Amino acid sequence: MKKSDIHEVYEILEDVYRNMDEPSVTKISKQTRRDPFRVLISCLISLRTKDEVTLAASNRLFAKADTPEKMLTIPADEIAKLIYPAGFYKTKSNTITNICRILLDEYDGKVPDEIDELLKLKGVGRKTANLVVVEGYGRDAICVDTHVHRIFNRLGYVATKTPDKTEMELRKHLPIKYWIRINEILVSYGREICTPVSPHCSYCRLSDICDKVSVDRRR
DNA sequence: AAAACGGGGGC
DNA sequence: GCCCCAGTTTT
């Protein structure tokens with residue numbers, strides 16, 4: 001896939017997304033969108049965890065506390081119990097507590113809206129920082145999670161294994177007006193069509209320009 | 001028993 | 001940039 005094809009690829013994805021009954025991303029993030037704190041915390045929980053499990057764990061936690069102040073009233077080990085099935089509950093609950101402490105002490109209880117500030121928080125990397133900005137604040141950012149990266153990797157748009165490289169390329173070649181939607185579109189596409197294992201290439205509209213079309217295409 | 005799940009951090 | 005790491009659920 002040539003870099004210049006990015007616009008065409010976007011249009012196809014946009015069209016597919018428009019015709020989905022209920023894009024999975026809306027199910028996942030319905031209450032979370034535009035709430036920077038929820039975006040941040042559920043992202044921390046999502047580490048090495050399936051989306052459905054992350055959603056359930058996040059909701060259990062948010063029912064008890066949906067602000068940094070409230071979160072700090074819950075002992076870390078109780079947070080750990082609430083998010084238990086997500087795995088790494090010990091590490092994650094400590095990370096959550098630590099970050100809430102910093103938010104309260106240094107950021108007036110608010111989640112920063114700048115990538116650079118978010119990255120200063122231990123446990124927050126590029127994916128989380130970008131997601132907070134784009135989902136939490138509705139601002140221009142490109143969030144490259146495994147779904148987004150996997151799709152562009154298969155297309156041949158990027159060769160490296162690192163999502164950071166994908167983000168750089170998208171920032172360079174994808175017009176800014178598309179940045180906000182590219183993540184939600186590709187997350188849905190990645191969950192439903194370009195799945196991690198046995199992707200549904202037979203009805204993927206990108207298969208003609210994809211480097212890694214699997215046998216599913218001929219079924 | 002082995003694979004799948006997704007991201008941060010250290011080098 | 002590449003490699004390592006963590007625990008639970010599903011197959």
# chains A, B, ... in the order shown; residues from 1 in each chain; ligands from 1
$ residues_around --residues "DC11 in chain B" --least-positions-apart "2" --cutoff "10 Å" --atoms "only C-alpha atoms (C1' of nucleotides)" --output "number ranges by chain"
B: 9; C: 2-4
$ interface_residues --of "chain A" --to "chain B" --cutoff "8 Å" --atoms "only C-alpha atoms (C1' of nucleotides)" --output "PyMOL selection string"
chain A and resi 46-50+123-125+127+145-146
$ interface_residues --of "chain C" --to "chain A" --cutoff "10 Å" --atoms "only C-alpha atoms (C1' of nucleotides)" --output "PyMOL selection string"
chain C and resi 1-2+6-9
$ residues_around --residues "Cys143 in chain A" --least-positions-apart "4" --cutoff "10 Å" --atoms "only C-alpha atoms (C1' of nucleotides)" --output "PyMOL selection string"
chain A and resi 126-135+148-149+163-164+166-167+170+179-184
$ atom_distance --atom1 "CA of Lys92 in chain A" --atom2 "CA of Ala57 in chain A"
11.6 Å
